[in-house]
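For reference, entry_14.txt is printed below; it contains compact mmCIF, C-alpha atoms.
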# COMPACT_ATOMS: atom_id res chain seq x y z
CA MET A 1 23.07 -13.98 -23.51
CA ASP A 2 24.85 -10.70 -22.85
CA GLN A 3 25.71 -11.31 -19.19
CA THR A 4 26.59 -7.74 -18.33
CA THR A 5 23.33 -6.29 -19.52
CA CYS A 6 21.27 -9.16 -18.11
CA ASN A 7 22.86 -8.76 -14.69
CA GLU A 8 22.60 -4.99 -14.81
CA LEU A 9 18.87 -5.24 -15.43
CA LEU A 10 18.30 -7.88 -12.78
CA SER A 11 17.64 -5.53 -9.86
CA SER A 12 15.06 -3.62 -11.93
CA LEU A 13 12.98 -6.62 -12.99
CA SER A 14 10.88 -6.69 -9.83
CA GLU A 15 9.78 -3.10 -10.32
CA TYR A 16 9.37 -3.77 -14.03
CA VAL A 17 6.78 -6.50 -13.44
CA ASP A 18 4.97 -4.15 -11.04
CA GLY A 19 4.85 -1.53 -13.79
CA GLU A 20 6.62 0.93 -11.52
CA LEU A 21 9.69 1.66 -13.61
CA GLY A 22 10.33 4.92 -15.40
CA GLU A 23 9.74 4.99 -19.14
CA ASP A 24 13.43 5.00 -20.08
CA LEU A 25 14.41 1.97 -18.03
CA CYS A 26 11.24 0.20 -19.11
CA ALA A 27 12.11 0.76 -22.76
CA LEU A 28 15.66 -0.43 -22.14
CA ILE A 29 14.44 -3.68 -20.59
CA GLU A 30 11.96 -4.29 -23.39
CA GLN A 31 14.58 -3.62 -26.00
CA HIS A 32 16.97 -6.02 -24.29
CA MET A 33 14.30 -8.68 -23.91
CA SER A 34 13.40 -8.56 -27.58
CA GLY A 35 16.81 -10.04 -28.27
CA CYS A 36 17.34 -12.09 -25.13
CA GLN A 37 15.21 -15.16 -24.65
CA ASP A 38 16.75 -15.95 -21.26
CA CYS A 39 15.61 -12.65 -19.80
CA ARG A 40 12.16 -13.14 -21.29
CA ILE A 41 11.98 -16.48 -19.47
CA VAL A 42 13.20 -14.91 -16.23
CA VAL A 43 10.56 -12.17 -16.43
CA ASP A 44 7.77 -14.61 -17.31
CA SER A 45 8.71 -17.00 -14.51
CA LEU A 46 9.04 -14.09 -12.08
CA ARG A 47 5.49 -13.01 -12.92
CA LYS A 48 4.25 -16.58 -12.59
CA THR A 49 6.00 -17.00 -9.23
CA ILE A 50 4.21 -13.95 -7.84
CA TYR A 51 0.90 -15.12 -9.30
CA LEU A 52 1.20 -18.60 -7.74
CA TYR A 53 1.88 -17.19 -4.29
CA GLN A 54 -1.02 -14.75 -4.61
CA ALA A 55 -3.28 -17.63 -5.58
CA SER A 56 -2.09 -19.84 -2.73
CA ALA A 57 -2.54 -17.07 -0.13
CA SER A 58 -6.23 -16.67 -0.82
CA GLN A 59 -6.78 -20.32 0.08
CA VAL A 60 -5.84 -19.91 3.75
CA GLU A 61 -8.75 -19.52 6.14
CA VAL A 62 -8.97 -19.45 9.91
CA PRO A 63 -10.13 -22.89 11.08
CA GLU A 64 -13.34 -22.77 13.09
CA ASP A 65 -11.77 -24.07 16.31
CA VAL A 66 -8.96 -21.50 16.07
CA ARG A 67 -11.51 -18.77 15.57
CA ASP A 68 -13.60 -19.97 18.52
CA ARG A 69 -10.56 -20.03 20.83
CA LEU A 70 -9.59 -16.54 19.63
CA PHE A 71 -12.98 -15.12 20.53
CA HIS A 72 -12.92 -17.02 23.81
CA CYS A 73 -9.52 -15.68 24.90
CA LEU A 74 -10.72 -12.16 24.15
CA ASP A 75 -13.83 -12.76 26.22
CA LEU A 76 -15.99 -12.32 23.12
CA ASP A 77 -17.80 -15.67 23.12
CA GLU A 78 -21.18 -14.04 22.87
CA PHE A 79 -20.22 -12.64 19.47
CA ILE A 80 -19.06 -15.90 17.90
CA LYS A 81 -22.43 -16.84 16.47
CA LYS A 82 -23.33 -13.38 15.33
CA ALA A 83 -20.20 -12.99 13.26
CA ILE A 84 -20.26 -14.26 9.71
CA MET B 1 -7.27 -7.83 4.31
CA SER B 2 -8.01 -4.86 2.20
CA SER B 3 -5.23 -2.42 2.83
CA ASP B 4 -7.21 0.71 2.26
CA GLN B 5 -7.97 3.29 4.85
CA LYS B 6 -11.68 2.96 4.23
CA THR B 7 -11.84 -0.35 6.09
CA SER B 8 -10.19 1.20 9.11
CA GLU B 9 -12.43 4.20 8.95
CA ALA B 10 -15.44 1.93 9.01
CA PHE B 11 -14.65 1.35 12.68
CA SER B 12 -15.50 3.79 15.39
CA LEU B 13 -12.25 4.54 17.19
CA GLU B 14 -14.23 6.21 19.89
CA ALA B 15 -16.26 3.07 20.54
CA LEU B 16 -13.16 0.87 20.41
CA ARG B 17 -11.33 3.06 22.90
CA ALA B 18 -14.36 3.13 25.16
CA GLY B 19 -14.18 -0.66 25.33
CA ASP B 20 -17.21 -1.36 23.12
CA ARG B 21 -17.00 -5.15 22.86
CA ALA B 22 -19.30 -5.50 19.88
CA GLU B 23 -17.15 -3.08 17.92
CA PHE B 24 -14.00 -4.91 18.97
CA ALA B 25 -15.55 -8.24 17.94
CA ARG B 26 -16.21 -6.70 14.53
CA LEU B 27 -12.58 -5.63 14.30
CA VAL B 28 -11.42 -9.16 15.18
CA GLU B 29 -13.81 -10.65 12.65
CA THR B 30 -12.60 -8.32 9.89
CA TYR B 31 -8.87 -8.77 10.38
CA SER B 32 -8.37 -12.21 11.93
CA ALA B 33 -8.04 -14.05 8.61
CA ALA B 34 -5.33 -11.70 7.35
CA ILE B 35 -3.38 -11.87 10.61
CA TYR B 36 -3.66 -15.66 10.66
CA ARG B 37 -2.48 -15.91 7.05
CA LEU B 38 0.51 -13.72 7.80
CA ALA B 39 1.39 -15.74 10.91
CA ILE B 40 1.07 -19.10 9.25
CA LYS B 41 3.19 -18.08 6.26
CA MET B 42 5.81 -16.54 8.51
CA LEU B 43 6.06 -19.46 10.92
CA GLU B 44 4.84 -22.50 8.99
CA ASN B 45 3.37 -23.84 12.21
CA THR B 46 -0.31 -23.79 13.10
CA GLN B 47 0.18 -23.62 16.89
CA ASP B 48 2.60 -20.69 16.66
CA ALA B 49 0.26 -18.99 14.18
CA GLU B 50 -2.64 -19.33 16.60
CA ASP B 51 -0.52 -17.88 19.42
CA ILE B 52 0.39 -14.89 17.24
CA LEU B 53 -3.25 -14.40 16.27
CA GLN B 54 -4.35 -14.33 19.90
CA GLU B 55 -1.43 -12.23 21.08
CA THR B 56 -2.01 -9.64 18.34
CA PHE B 57 -5.60 -8.98 19.36
CA ILE B 58 -4.86 -9.15 23.09
CA LYS B 59 -2.19 -6.48 22.61
CA ALA B 60 -4.41 -4.45 20.31
CA PHE B 61 -7.18 -4.47 22.91
CA ARG B 62 -4.79 -3.43 25.67
CA HIS B 63 -3.17 -0.65 23.68
CA LEU B 64 -6.10 0.80 21.76
CA ASN B 65 -5.92 3.90 23.93
CA THR B 66 -2.40 4.55 22.64
CA PHE B 67 -3.37 4.11 18.97
CA ASP B 68 -3.08 7.63 17.61
CA GLY B 69 -4.89 7.05 14.31
CA ARG B 70 -1.96 8.33 12.25
CA SER B 71 -1.70 4.99 10.51
CA SER B 72 -4.71 2.89 9.58
CA LEU B 73 -5.97 0.27 12.03
CA SER B 74 -4.95 -2.49 9.62
CA THR B 75 -1.37 -1.17 9.42
CA TRP B 76 -1.26 -1.00 13.20
CA LEU B 77 -2.53 -4.58 13.57
CA TYR B 78 -0.08 -5.84 10.96
CA ARG B 79 2.73 -4.09 12.84
CA ILE B 80 1.83 -5.84 16.10
CA ALA B 81 1.53 -9.20 14.31
CA THR B 82 4.81 -8.91 12.37
CA ASN B 83 6.67 -7.93 15.54
CA GLU B 84 5.23 -10.94 17.31
CA ALA B 85 6.10 -13.25 14.43
CA LEU B 86 9.66 -11.96 14.15
CA MET B 87 10.13 -12.30 17.90
CA THR B 88 8.91 -15.89 17.79
CA LEU B 89 11.34 -16.62 14.99
CA ARG B 90 14.19 -15.08 16.96
CA ARG B 91 13.28 -17.19 19.95
CA ARG B 92 13.37 -20.23 17.73
CA LYS B 93 16.79 -19.10 16.58
CA VAL B 94 15.94 -20.17 13.07
CA ASN B 95 17.71 -17.08 11.88
CA LEU B 96 19.73 -14.68 13.95
CA VAL B 97 19.70 -11.77 11.53
CA SER B 98 18.30 -8.69 13.20
CA LEU B 99 15.76 -6.49 11.48
CA ASP B 100 17.93 -3.52 12.37
CA GLU B 101 20.93 -4.74 10.45
CA PRO B 102 21.63 -2.97 7.18
CA ASP B 103 20.63 -4.48 3.88
CA GLU B 104 24.22 -5.40 3.01
CA THR B 105 24.02 -8.31 5.40
CA LEU B 106 20.96 -9.75 3.68
CA GLU B 107 20.79 -12.05 0.74
CA GLN B 108 21.92 -10.42 -2.44
CA GLU B 109 20.00 -10.39 -5.71
CA GLN B 110 19.75 -13.96 -6.88
CA GLU B 111 21.43 -14.31 -10.24
CA PRO B 112 19.16 -16.46 -12.41
CA LEU B 113 20.77 -19.85 -12.79
CA GLN B 114 17.63 -21.73 -13.68
CA ILE B 115 16.47 -20.66 -17.12
CA VAL B 116 13.56 -22.98 -17.67
CA ASP B 117 10.31 -21.95 -19.28
CA TRP B 118 7.85 -23.68 -16.97
CA CYS B 119 5.12 -21.06 -17.28
CA CYS B 120 3.24 -23.10 -19.85
CA MET B 121 2.68 -25.99 -17.43
CA PRO B 122 -1.02 -26.67 -16.77
CA GLU B 123 -2.51 -24.80 -13.80
CA GLU B 124 -3.49 -28.04 -12.02
CA GLU B 125 0.14 -29.14 -12.00
CA LEU B 126 1.45 -25.75 -10.91
CA MET B 127 -1.02 -25.74 -8.04
CA SER B 128 -1.14 -29.43 -7.14
CA ALA B 129 -1.10 -30.33 -3.43
CA GLU B 130 2.55 -31.34 -3.74
CA ALA B 131 3.43 -28.10 -5.53
CA ARG B 132 1.70 -26.02 -2.87
CA GLN B 133 3.72 -27.76 -0.18
CA TYR B 134 6.82 -26.88 -2.14
CA LEU B 135 5.73 -23.23 -2.35
CA ASP B 136 5.49 -23.19 1.45
CA ARG B 137 8.90 -24.80 1.88
CA ALA B 138 10.47 -22.34 -0.56
CA ILE B 139 9.13 -19.32 1.30
CA ASP B 140 10.51 -20.81 4.48
CA GLU B 141 13.97 -20.71 2.95
CA LEU B 142 13.92 -16.92 2.77
CA SER B 143 15.41 -15.00 5.69
CA PRO B 144 12.64 -13.60 7.94
CA ASN B 145 13.45 -10.08 6.72
CA LEU B 146 12.80 -10.98 3.11
CA ARG B 147 9.93 -13.32 3.93
CA VAL B 148 7.91 -10.73 5.83
CA VAL B 149 8.19 -8.21 2.98
CA PHE B 150 7.19 -10.77 0.38
CA ILE B 151 4.17 -11.94 2.41
CA LEU B 152 2.87 -8.45 3.10
CA ARG B 153 3.47 -7.12 -0.39
CA ASP B 154 2.72 -10.05 -2.68
CA MET B 155 0.49 -12.34 -0.65
CA GLU B 156 -1.49 -9.75 1.30
CA GLY B 157 -1.40 -7.22 -1.52
CA LEU B 158 -0.32 -4.24 0.59
CA SER B 159 1.34 -1.24 -1.04
CA THR B 160 5.06 -0.49 -0.77
CA GLN B 161 4.21 2.49 1.40
CA GLU B 162 2.10 0.43 3.79
CA VAL B 163 4.77 -2.26 4.12
CA ALA B 164 7.39 0.44 4.77
CA GLU B 165 5.19 1.85 7.52
CA ILE B 166 4.51 -1.54 9.11
CA LEU B 167 8.19 -2.49 9.20
CA SER B 168 9.60 1.01 9.83
CA LEU B 169 11.68 0.77 6.68
CA SER B 170 12.23 3.14 3.78
CA GLU B 171 10.26 2.40 0.60
CA THR B 172 13.56 1.76 -1.19
CA ALA B 173 14.49 -0.88 1.39
CA VAL B 174 11.10 -2.55 0.93
CA LYS B 175 11.58 -2.64 -2.86
CA THR B 176 15.09 -4.05 -2.53
CA ARG B 177 13.97 -6.79 -0.16
CA LEU B 178 10.96 -7.60 -2.32
CA SER B 179 13.15 -7.90 -5.40
CA ARG B 180 15.53 -10.26 -3.61
CA ALA B 181 12.72 -12.36 -2.21
CA ARG B 182 10.98 -12.66 -5.58
CA LEU B 183 14.14 -13.57 -7.48
CA ARG B 184 15.10 -16.15 -4.89
CA LEU B 185 11.65 -17.73 -5.00
CA ARG B 186 11.68 -17.65 -8.81
CA GLU B 187 14.93 -19.59 -8.70
CA LEU B 188 13.58 -22.19 -6.27
CA LEU B 189 10.34 -22.62 -8.21
CA SER B 190 12.24 -22.92 -11.49
CA GLU B 191 14.34 -25.71 -10.01
CA TYR B 192 11.24 -27.52 -8.87
CA TYR B 193 9.01 -27.10 -11.92
CA GLY B 194 11.97 -27.52 -14.27
CA GLU B 195 12.70 -30.90 -12.76
CA LYS B 196 9.05 -31.87 -13.04
CA MET B 197 9.02 -30.92 -16.72
CA ALA B 198 12.19 -32.89 -17.39
CA ARG B 199 10.79 -35.97 -15.67
CA GLN B 200 7.59 -35.70 -17.67
CA ARG B 201 9.50 -35.48 -20.94
CA LEU B 202 11.45 -38.57 -20.01
CA VAL B 203 8.25 -40.49 -19.34
CA GLU B 204 6.77 -39.31 -22.64
CA ARG B 205 9.89 -40.44 -24.49
CA GLU B 206 9.71 -43.87 -22.86
CA ASP B 207 6.10 -44.21 -23.91

As a first step, turn the structure in this file into structure tokens.
Amino acid sequence: MDQTTCNELLSSLSEYVDGELGEDLCALIEQHMSGCQDCRIVVDSLRKTIYLYQASASQVEVPEDVRDRLFHCLDLDEFIKKAI
Amino acid sequence: MSSDQKTSEAFSLEALRAGDRAEFARLVETYSAAIYRLAIKMLENTQDAEDILQETFIKAFRHLNTFDGRSSLSTWLYRIATNEALMTLRRRKVNLVSLDEPDETLEQEQEPLQIVDWCCMPEEELMSAEARQYLDRAIDELSPNLRVVFILRDMEGLSTQEVAEILSLSETAVKTRLSRARLRLRELLSEYYGEKMARQRLVERED
């Protein structure tokens, strides 16, 4: 693993996985990754990390009692049942 | 919460400012889940999250007349909620780093030490109840400044521009913090899943 290049690219990997990097830097990263398995693993696991957190976020819902108390403290009790 | 302006525009600012309770109830209904998610991920405590949720909408209701409509309603609500969450964290003294301090004082880019290819693990193992608890603990290890950016950007799906607006940061600062947060979490998850894979291999060898 060429440490210098790997470390130099490190701060660009986040933008790389978002597809927000300029063409030149993107090509440089891809060229480097074609010969560096470690960086391929880092990029893959970075993508997976983001994916797992996205997936876990969608599972959080407001519990019914929390929602009821919220409407109550805002003096909106009459709208609790109407809301879906 | 969808971060687009359309959602905000679906509300009548005029009615909200005039104290229309039905319209305000609709606003609460639309955004309460997102605010609660943000609060619970920031604070890892259901009681504190509920307090933030209530406080956000109480403040929003009180200050609707000062909302100038330059940002979207969702951005405005997120800003109130993140301020509340960061204040609660400061009160807890979990972390004394101020949001105003320059980036140099924050965590630096995490150099990858864990090079383990755990991506091929089955989804049910990656998302098991135990693994999800670990995901929560890992996010809690980030400084509040990194955590809030990661939650808004990657968990709530807001754009860099929106997060910059909510936190009064430059877009470059948001990207830097996001990169640091992601790399740190990648490291922590690689430690965890890597260990799991190693243990599994050991069991398989013993069989």

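Residues surrounding B:Ala138 within 10 Å are Arg132, Gln133, Tyr134, Leu135, Glu141, Leu142, Arg184, Leu185, Arg186, Glu187, Leu188, Leu189 and Tyr192 of chain B [all atoms listed in the file; sequence separation below 3 positions excluded].
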
Take the residues that were just selected and, keeping C-alpha atoms, output them as a PDB file, in the coordinates of the input.
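Output saved as again-v4.pdb:
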ATOM      1  CA  ARG B 132       1.700 -26.020  -2.870  1.00  0.00           C
ATOM      2  CA  GLN B 133       3.720 -27.760  -0.180  1.00  0.00           C
ATOM      3  CA  TYR B 134       6.820 -26.880  -2.140  1.00  0.00           C
ATOM      4  CA  LEU B 135       5.730 -23.230  -2.350  1.00  0.00           C
ATOM      5  CA  GLU B 141      13.970 -20.710   2.950  1.00  0.00           C
ATOM      6  CA  LEU B 142      13.920 -16.920   2.770  1.00  0.00           C
ATOM      7  CA  ARG B 184      15.100 -16.150  -4.890  1.00  0.00           C
ATOM      8  CA  LEU B 185      11.650 -17.730  -5.000  1.00  0.00           C
ATOM      9  CA  ARG B 186      11.680 -17.650  -8.810  1.00  0.00           C
ATOM     10  CA  GLU B 187      14.930 -19.590  -8.700  1.00  0.00           C
ATOM     11  CA  LEU B 188      13.580 -22.190  -6.270  1.00  0.00           C
ATOM     12  CA  LEU B 189      10.340 -22.620  -8.210  1.00  0.00           C
ATOM     13  CA  TYR B 192      11.240 -27.520  -8.870  1.00  0.00           C
TER      14      TYR B 192
END

Identify every residue of chain A that has at least one atom within 9 Å of any atom of chain B, counting all atoms listed in the file, and report the result as a PyMOL selection string.
chain A and resi 7+10-15+38-39+41-42+44-58+60-62+66-67+69-71+73-76+79-80+83-84

How far is it from atom CA of B:Ser74 to atom CA of B:Asp140, in Å with one decimal?
24.5 Å

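In this model, the gap between atom CA of B:Ser159 and atom CA of B:Leu43 comes to 22.3 Å.
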
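Between B:Leu27 and the residues B:Met87, B:Ala198, B:Leu146, B:Leu64, the shortest atom-to-atom distance, using all atoms listed in the file, involves B:Leu64.
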
Determine the nearest neighbour of B:Leu77 from the options B:Leu167, B:Leu89, B:Val149, B:Ala10, counting all atoms listed in the file.
B:Leu167

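Relative to atom CA of B:Ser128, atom CA of A:Gln37 is found at 27.9 Å.
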
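Near B:Gln161, within a cut-off of 12 Å and counting all atoms listed in the file, sit the residues Ser3, Asp4, Ser71, Thr75, Val149, Leu152, Arg153, Gly157, Glu165, Ile166, Leu167, Ser168, Leu169, Ser170, Glu171, Thr172, Ala173, Val174 and Lys175 of chain B, with same-chain residues fewer than 4 positions away left out.
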
Keeping only C-alpha atoms, write the selected residues as a PDB file, keeping the file's coordinate frame.
ATOM      1  CA  SER B   3      -5.230  -2.420   2.830  1.00  0.00           C
ATOM      2  CA  ASP B   4      -7.210   0.710   2.260  1.00  0.00           C
ATOM      3  CA  SER B  71      -1.700   4.990  10.510  1.00  0.00           C
ATOM      4  CA  THR B  75      -1.370  -1.170   9.420  1.00  0.00           C
ATOM      5  CA  VAL B 149       8.190  -8.210   2.980  1.00  0.00           C
ATOM      6  CA  LEU B 152       2.870  -8.450   3.100  1.00  0.00           C
ATOM      7  CA  ARG B 153       3.470  -7.120  -0.390  1.00  0.00           C
ATOM      8  CA  GLY B 157      -1.400  -7.220  -1.520  1.00  0.00           C
ATOM      9  CA  GLU B 165       5.190   1.850   7.520  1.00  0.00           C
ATOM     10  CA  ILE B 166       4.510  -1.540   9.110  1.00  0.00           C
ATOM     11  CA  LEU B 167       8.190  -2.490   9.200  1.00  0.00           C
ATOM     12  CA  SER B 168       9.600   1.010   9.830  1.00  0.00           C
ATOM     13  CA  LEU B 169      11.680   0.770   6.680  1.00  0.00           C
ATOM     14  CA  SER B 170      12.230   3.140   3.780  1.00  0.00           C
ATOM     15  CA  GLU B 171      10.260   2.400   0.600  1.00  0.00           C
ATOM     16  CA  THR B 172      13.560   1.760  -1.190  1.00  0.00           C
ATOM     17  CA  ALA B 173      14.490  -0.880   1.390  1.00  0.00           C
ATOM     18  CA  VAL B 174      11.100  -2.550   0.930  1.00  0.00           C
ATOM     19  CA  LYS B 175      11.580  -2.640  -2.860  1.00  0.00           C
TER      20      LYS B 175
END

Draw an axis-aligned box tight on the listed atoms of stretch 35-51 of chain A, then pad every side by 8 Å and write out centre and edge lengths in Å to one decimal as AutoDock Vina command-line options.
--center_x 9.1 --center_y -13.5 --center_z -18.1 --size_x 32.4 --size_y 23.0 --size_z 36.4

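Nearest to A:Met33 of all the residues A:Glu64, A:His72, A:Thr5, A:Asp77 is A:Thr5, based on only C-alpha atoms.
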
Contacts of A:Glu30 within 12 Å, only C-alpha atoms, excl. fewer than 3 positions in-chain, as a short mmCIF file (atom, residue, chain, number, x, y, z; two decimals) with C-alpha atoms, in the frame of the given file:
data_model
loop_
_atom_site.label_atom_id
_atom_site.label_comp_id
_atom_site.auth_asym_id
_atom_site.auth_seq_id
_atom_site.Cartn_x
_atom_site.Cartn_y
_atom_site.Cartn_z
CA CYS A 6 21.27 -9.16 -18.11
CA LEU A 9 18.87 -5.24 -15.43
CA SER A 12 15.06 -3.62 -11.93
CA LEU A 13 12.98 -6.62 -12.99
CA TYR A 16 9.37 -3.77 -14.03
CA VAL A 17 6.78 -6.50 -13.44
CA LEU A 21 9.69 1.66 -13.61
CA GLU A 23 9.74 4.99 -19.14
CA ASP A 24 13.43 5.00 -20.08
CA LEU A 25 14.41 1.97 -18.03
CA CYS A 26 11.24 0.20 -19.11
CA ALA A 27 12.11 0.76 -22.76
CA MET A 33 14.30 -8.68 -23.91
CA SER A 34 13.40 -8.56 -27.58
CA GLY A 35 16.81 -10.04 -28.27
CA CYS A 36 17.34 -12.09 -25.13
CA GLN A 37 15.21 -15.16 -24.65
CA CYS A 39 15.61 -12.65 -19.80
CA ARG A 40 12.16 -13.14 -21.29
CA VAL A 43 10.56 -12.17 -16.43
#

Tell me which of B:Pro144, B:Glu195, B:His63, B:Val163 sits closest to B:Arg79, counting all atoms listed in the file.
B:Val163

Rebuild stretch 104-125 of chain B to N, CA and C atoms - output it as a PDB file, in the coordinates of the input, please.
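Saved to rebuild.pdb:
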ATOM      1  N   GLU B 104      23.018  -4.721   3.525  1.00  0.00           N
ATOM      2  CA  GLU B 104      24.220  -5.400   3.010  1.00  0.00           C
ATOM      3  C   GLU B 104      24.373  -6.818   3.579  1.00  0.00           C
ATOM      4  N   THR B 105      23.841  -7.006   4.772  1.00  0.00           N
ATOM      5  CA  THR B 105      24.020  -8.310   5.400  1.00  0.00           C
ATOM      6  C   THR B 105      22.994  -9.330   4.909  1.00  0.00           C
ATOM      7  N   LEU B 106      22.007  -8.839   4.147  1.00  0.00           N
ATOM      8  CA  LEU B 106      20.960  -9.750   3.680  1.00  0.00           C
ATOM      9  C   LEU B 106      21.381 -10.457   2.402  1.00  0.00           C
ATOM     10  N   GLU B 107      20.520 -11.365   1.997  1.00  0.00           N
ATOM     11  CA  GLU B 107      20.790 -12.050   0.740  1.00  0.00           C
ATOM     12  C   GLU B 107      20.911 -11.033  -0.384  1.00  0.00           C
ATOM     13  N   GLN B 108      21.786 -11.298  -1.283  1.00  0.00           N
ATOM     14  CA  GLN B 108      21.920 -10.420  -2.440  1.00  0.00           C
ATOM     15  C   GLN B 108      20.941 -10.860  -3.529  1.00  0.00           C
ATOM     16  N   GLU B 109      20.870 -10.045  -4.585  1.00  0.00           N
ATOM     17  CA  GLU B 109      20.000 -10.390  -5.710  1.00  0.00           C
ATOM     18  C   GLU B 109      20.427 -11.766  -6.260  1.00  0.00           C
ATOM     19  N   GLN B 110      19.458 -12.629  -6.375  1.00  0.00           N
ATOM     20  CA  GLN B 110      19.750 -13.960  -6.880  1.00  0.00           C
ATOM     21  C   GLN B 110      19.978 -13.918  -8.386  1.00  0.00           C
ATOM     22  N   GLU B 111      21.166 -14.266  -8.797  1.00  0.00           N
ATOM     23  CA  GLU B 111      21.430 -14.310 -10.240  1.00  0.00           C
ATOM     24  C   GLU B 111      20.686 -15.517 -10.807  1.00  0.00           C
ATOM     25  N   PRO B 112      19.942 -15.324 -11.893  1.00  0.00           N
ATOM     26  CA  PRO B 112      19.160 -16.460 -12.410  1.00  0.00           C
ATOM     27  C   PRO B 112      20.061 -17.560 -12.952  1.00  0.00           C
ATOM     28  N   LEU B 113      20.001 -18.695 -12.321  1.00  0.00           N
ATOM     29  CA  LEU B 113      20.770 -19.850 -12.790  1.00  0.00           C
ATOM     30  C   LEU B 113      19.865 -20.822 -13.515  1.00  0.00           C
ATOM     31  N   GLN B 114      18.618 -20.832 -13.076  1.00  0.00           N
ATOM     32  CA  GLN B 114      17.630 -21.730 -13.680  1.00  0.00           C
ATOM     33  C   GLN B 114      16.873 -20.975 -14.774  1.00  0.00           C
ATOM     34  N   ILE B 115      17.200 -21.291 -16.013  1.00  0.00           N
ATOM     35  CA  ILE B 115      16.470 -20.660 -17.120  1.00  0.00           C
ATOM     36  C   ILE B 115      15.610 -21.738 -17.767  1.00  0.00           C
ATOM     37  N   VAL B 116      14.479 -21.957 -17.166  1.00  0.00           N
ATOM     38  CA  VAL B 116      13.560 -22.980 -17.670  1.00  0.00           C
ATOM     39  C   VAL B 116      12.206 -22.328 -17.875  1.00  0.00           C
ATOM     40  N   ASP B 117      11.615 -22.539 -19.032  1.00  0.00           N
ATOM     41  CA  ASP B 117      10.310 -21.950 -19.280  1.00  0.00           C
ATOM     42  C   ASP B 117       9.223 -22.912 -18.812  1.00  0.00           C
ATOM     43  N   TRP B 118       8.860 -22.764 -17.534  1.00  0.00           N
ATOM     44  CA  TRP B 118       7.850 -23.680 -16.970  1.00  0.00           C
ATOM     45  C   TRP B 118       6.470 -23.020 -16.896  1.00  0.00           C
ATOM     46  N   CYS B 119       6.375 -21.806 -17.414  1.00  0.00           N
ATOM     47  CA  CYS B 119       5.120 -21.060 -17.280  1.00  0.00           C
ATOM     48  C   CYS B 119       3.943 -21.702 -18.015  1.00  0.00           C
ATOM     49  N   CYS B 120       4.301 -22.497 -19.041  1.00  0.00           N
ATOM     50  CA  CYS B 120       3.240 -23.100 -19.850  1.00  0.00           C
ATOM     51  C   CYS B 120       2.674 -24.378 -19.218  1.00  0.00           C
ATOM     52  N   MET B 121       3.209 -24.781 -18.076  1.00  0.00           N
ATOM     53  CA  MET B 121       2.680 -25.990 -17.430  1.00  0.00           C
ATOM     54  C   MET B 121       1.215 -25.770 -17.060  1.00  0.00           C
ATOM     55  N   PRO B 122       0.406 -26.849 -17.108  1.00  0.00           N
ATOM     56  CA  PRO B 122      -1.020 -26.670 -16.770  1.00  0.00           C
ATOM     57  C   PRO B 122      -1.205 -26.208 -15.321  1.00  0.00           C
ATOM     58  N   GLU B 123      -2.221 -25.382 -15.115  1.00  0.00           N
ATOM     59  CA  GLU B 123      -2.510 -24.800 -13.800  1.00  0.00           C
ATOM     60  C   GLU B 123      -2.644 -25.884 -12.705  1.00  0.00           C
ATOM     61  N   GLU B 124      -3.280 -27.021 -13.064  1.00  0.00           N
ATOM     62  CA  GLU B 124      -3.490 -28.040 -12.020  1.00  0.00           C
ATOM     63  C   GLU B 124      -2.168 -28.655 -11.553  1.00  0.00           C
ATOM     64  N   GLU B 125      -1.175 -28.631 -12.428  1.00  0.00           N
ATOM     65  CA  GLU B 125       0.140 -29.140 -12.000  1.00  0.00           C
ATOM     66  C   GLU B 125       0.898 -28.087 -11.203  1.00  0.00           C
TER      67      GLU B 125
END
